[in-house]
Amino acid sequence: MPYLEPSPLHAKAVLFDVGESFTQLYFPHSGVVSLVTVMEDGTTAETAMVGREGMVGLSALVSDSGLTSRHTVQIPGVASCIDFSRFRRIMRESAALRPVLSAYAQALFSQVLQSVACNSLHGLRQRCSRWLLMAHDRGPGDTFPLTHEAMAEMLGVRRASVTLVARTLQKAGLIHYRHGILTVLDRRGLEAASCECYRTVRRIFERLLPLTFA
């Protein structure tokens, strides 16, 4: 705790980019950070999401090689940050910290694997609902800033496709969207519209890290 410093998470801020190395680790209290794969033509797709349940920079504790993904703030919030070298020393000295990090690493890896399967097997309406539920779990409340363009970048689809799906969800009374602000109106309905992937990943987090979404 004495080494943690407050840090704002500004929307669209790139905390770290491909090829860079972590200099700090972030523990979000609110907001969402996306781990994004960037293709040669500039197109993107999200591989994992980090919020108040986890930390930004976990992979640096395994390898010091350059990053293979971009870490972008999708929903603004605040975080506590700590110097990477200092945290690594603390980790080596703390018997209590290591098993928690191990549990989080397992949960995050499960999220990545489930996202790969979801993107291959499920339709955009299900994937969009899953993404919104995950963001809702990590967000400050039912309402948060989010653009169709940002969702399209995370889901690896055209903006027009996201706009069409968002309209169907809004028409069904599940969400309300206006001028870049989204409100979840019917969470149970959104869960019904989502695929099994949301429930699978949430159960894993609740088993490994019981206080994650309490």
# chains A, B, ... in the order shown; residues from 1 in each chain; ligands from 1
>>> select_by_dssp(residues="region 18-194 of chain A", states="helix (DSSP H, G or I)", output="VMD selection string")
chain A and resid 58 to 61 84 to 93 97 to 121 124 to 138 148 to 155 159 to 171 187 to 193
>>> select_by_dssp(residues="region 112-187 of chain A", states="strand (DSSP E)", output="PyMOL selection string")
chain A and resi 143-145+175-178+181-184
>>> write_last_selection(atoms="N, CA, C and O atoms", output="compact mmCIF listing (two decimals), in the first residue's frame")
# COMPACT_ATOMS: atom_id res chain seq x y z
N THR A 143 -24.65 2.99 -15.95
CA THR A 143 -24.40 3.92 -17.05
C THR A 143 -22.91 4.21 -17.18
O THR A 143 -22.24 4.49 -16.19
N PHE A 144 -22.41 4.13 -18.42
CA PHE A 144 -20.99 4.42 -18.65
C PHE A 144 -20.79 4.88 -20.08
O PHE A 144 -21.58 4.55 -20.97
N PRO A 145 -19.73 5.66 -20.32
CA PRO A 145 -19.46 6.14 -21.68
C PRO A 145 -18.93 5.00 -22.56
O PRO A 145 -18.04 4.25 -22.17
N ILE A 175 -31.03 -2.20 -23.22
CA ILE A 175 -30.09 -1.10 -23.01
C ILE A 175 -30.71 0.19 -23.52
O ILE A 175 -31.71 0.18 -24.24
N HIS A 176 -30.08 1.30 -23.14
CA HIS A 176 -30.41 2.60 -23.74
C HIS A 176 -29.10 3.24 -24.14
O HIS A 176 -28.14 3.27 -23.37
N TYR A 177 -29.06 3.74 -25.37
CA TYR A 177 -27.83 4.35 -25.89
C TYR A 177 -28.15 5.68 -26.53
O TYR A 177 -29.08 5.79 -27.34
N ARG A 178 -27.37 6.71 -26.14
CA ARG A 178 -27.55 8.03 -26.73
C ARG A 178 -26.29 8.85 -26.54
O ARG A 178 -25.78 8.98 -25.43
N ILE A 181 -23.27 7.46 -24.58
CA ILE A 181 -23.53 7.02 -23.21
C ILE A 181 -24.47 5.82 -23.25
O ILE A 181 -25.55 5.89 -23.83
N LEU A 182 -24.05 4.73 -22.62
CA LEU A 182 -24.85 3.50 -22.62
C LEU A 182 -25.34 3.19 -21.21
O LEU A 182 -24.59 3.30 -20.25
N THR A 183 -26.59 2.79 -21.11
CA THR A 183 -27.18 2.38 -19.83
C THR A 183 -27.74 0.97 -19.95
O THR A 183 -28.48 0.68 -20.90
N VAL A 184 -27.36 0.12 -19.02
CA VAL A 184 -27.93 -1.23 -18.96
C VAL A 184 -29.26 -1.13 -18.22
O VAL A 184 -29.30 -0.79 -17.04
>>> residues_around(residues="region 86-102 of chain A", least_positions_apart="5", cutoff="10 Å", atoms="only C-alpha atoms", output="list in words")
Tyr3, Leu4, Gln24, Leu25, Gly54, Met55, Leu58, Ala60, Leu61, Cys81, Ala107, Leu108, Leu208 and Leu209 of chain A
>>> closest_atom_pairs(of="region 138-187 of chain A", to="region 6-21 of chain A", cutoff="12 Å", atoms="only C-alpha atoms", output="Markdown table")
| residue | atom | partner | partner_atom | distance |
| --- | --- | --- | --- | --- |
| A:Phe144 | CA | A:Ala11 | CA | 11.1 |
| A:Pro145 | CA | A:Ala11 | CA | 8.7 |
| A:Leu146 | CA | A:Ala11 | CA | 9.2 |
| A:Thr147 | CA | A:Ala11 | CA | 10.7 |
| A:Glu149 | CA | A:Lys12 | CA | 11.4 |
| A:Ala150 | CA | A:Lys12 | CA | 8.8 |
| A:Glu153 | CA | A:Lys12 | CA | 11.6 |
| A:Gly180 | CA | A:Ala11 | CA | 11.9 |
>>> atom_distance(atom1="CA of Thr68 (chain A)", atom2="CA of Arg207 (chain A)")
28.5 Å
>>> residues_around(residues="region 158-165 of chain A", least_positions_apart="5", cutoff="8 Å", atoms="only C-alpha atoms", output="list in words")
Leu124, Arg125, Cys128, His148, Glu149, Met151, Ala152 and Glu153 of chain A
>>> closest_residue(among="A:Ser129, A:Ser34, A:Thr200, A:Thr212", to="Asp186 (chain A)", atoms="only C-alpha atoms")
A:Ser129
>>> atom_distance(atom1="CA of Ala79 (chain A)", atom2="CA of Val36 (chain A)")
19.3 Å
>>> residues_around(residues="Asn119 (chain A)", least_positions_apart="2", cutoff="10 Å", atoms="only C-alpha atoms", output="list of chain:residue names")
A:Ala45, A:Glu46, A:Thr47, A:Gln114, A:Ser115, A:Val116, A:Ala117, A:Leu121, A:His122, A:Gly123, A:Leu124, A:Gln126, A:Arg127, A:Leu155, A:Gly156
>>> atom_distance(atom1="CA of Gln111 (chain A)", atom2="CA of Gly189 (chain A)")
22.1 Å
>>> closest_atom_pairs(of="region 67-144 of chain A", to="region 26-31 of chain A", cutoff="12 Å", atoms="only C-alpha atoms", output="CSV")
residue,atom,partner,partner_atom,distance
A:His71,CA,A:Tyr26,CA,11.0
A:Thr72,CA,A:Gly31,CA,11.0
A:Val73,CA,A:Gly31,CA,7.6
A:Gln74,CA,A:Gly31,CA,7.5
A:Ile75,CA,A:Gly31,CA,4.8
A:Pro76,CA,A:Gly31,CA,4.8
A:Gly77,CA,A:Gly31,CA,4.1
A:Val78,CA,A:Ser30,CA,5.5
A:Ala79,CA,A:Pro28,CA,3.9
A:Ser80,CA,A:Phe27,CA,5.1
A:Cys81,CA,A:Tyr26,CA,4.4
A:Ile82,CA,A:Tyr26,CA,6.8
A:Asp83,CA,A:Tyr26,CA,9.2
A:Phe84,CA,A:Tyr26,CA,9.4
A:Phe87,CA,A:Tyr26,CA,10.7
A:Met134,CA,A:Gly31,CA,11.4
A:Ala135,CA,A:Gly31,CA,8.3
A:His136,CA,A:Gly31,CA,9.7
A:Asp137,CA,A:Gly31,CA,10.1
A:Arg138,CA,A:Gly31,CA,6.6
A:Gly139,CA,A:Gly31,CA,5.4
A:Pro140,CA,A:Ser30,CA,5.9
A:Gly141,CA,A:Ser30,CA,9.6
A:Thr143,CA,A:Gly31,CA,11.7
A:Phe144,CA,A:Gly31,CA,8.9
>>> closest_residue(among="A:Leu185, A:Leu113, A:Val157, A:Val201", to="Thr43 (chain A)", atoms="only C-alpha atoms")
A:Val157
>>> closest_residue(among="A:Leu174, A:Met39, A:Val32, A:Ser110", to="Glu191 (chain A)", atoms="only C-alpha atoms")
A:Leu174
>>> closest_residue(among="A:Leu35, A:Ser59, A:Glu53, A:Thr168", to="Arg202 (chain A)", atoms="only C-alpha atoms")
A:Glu53
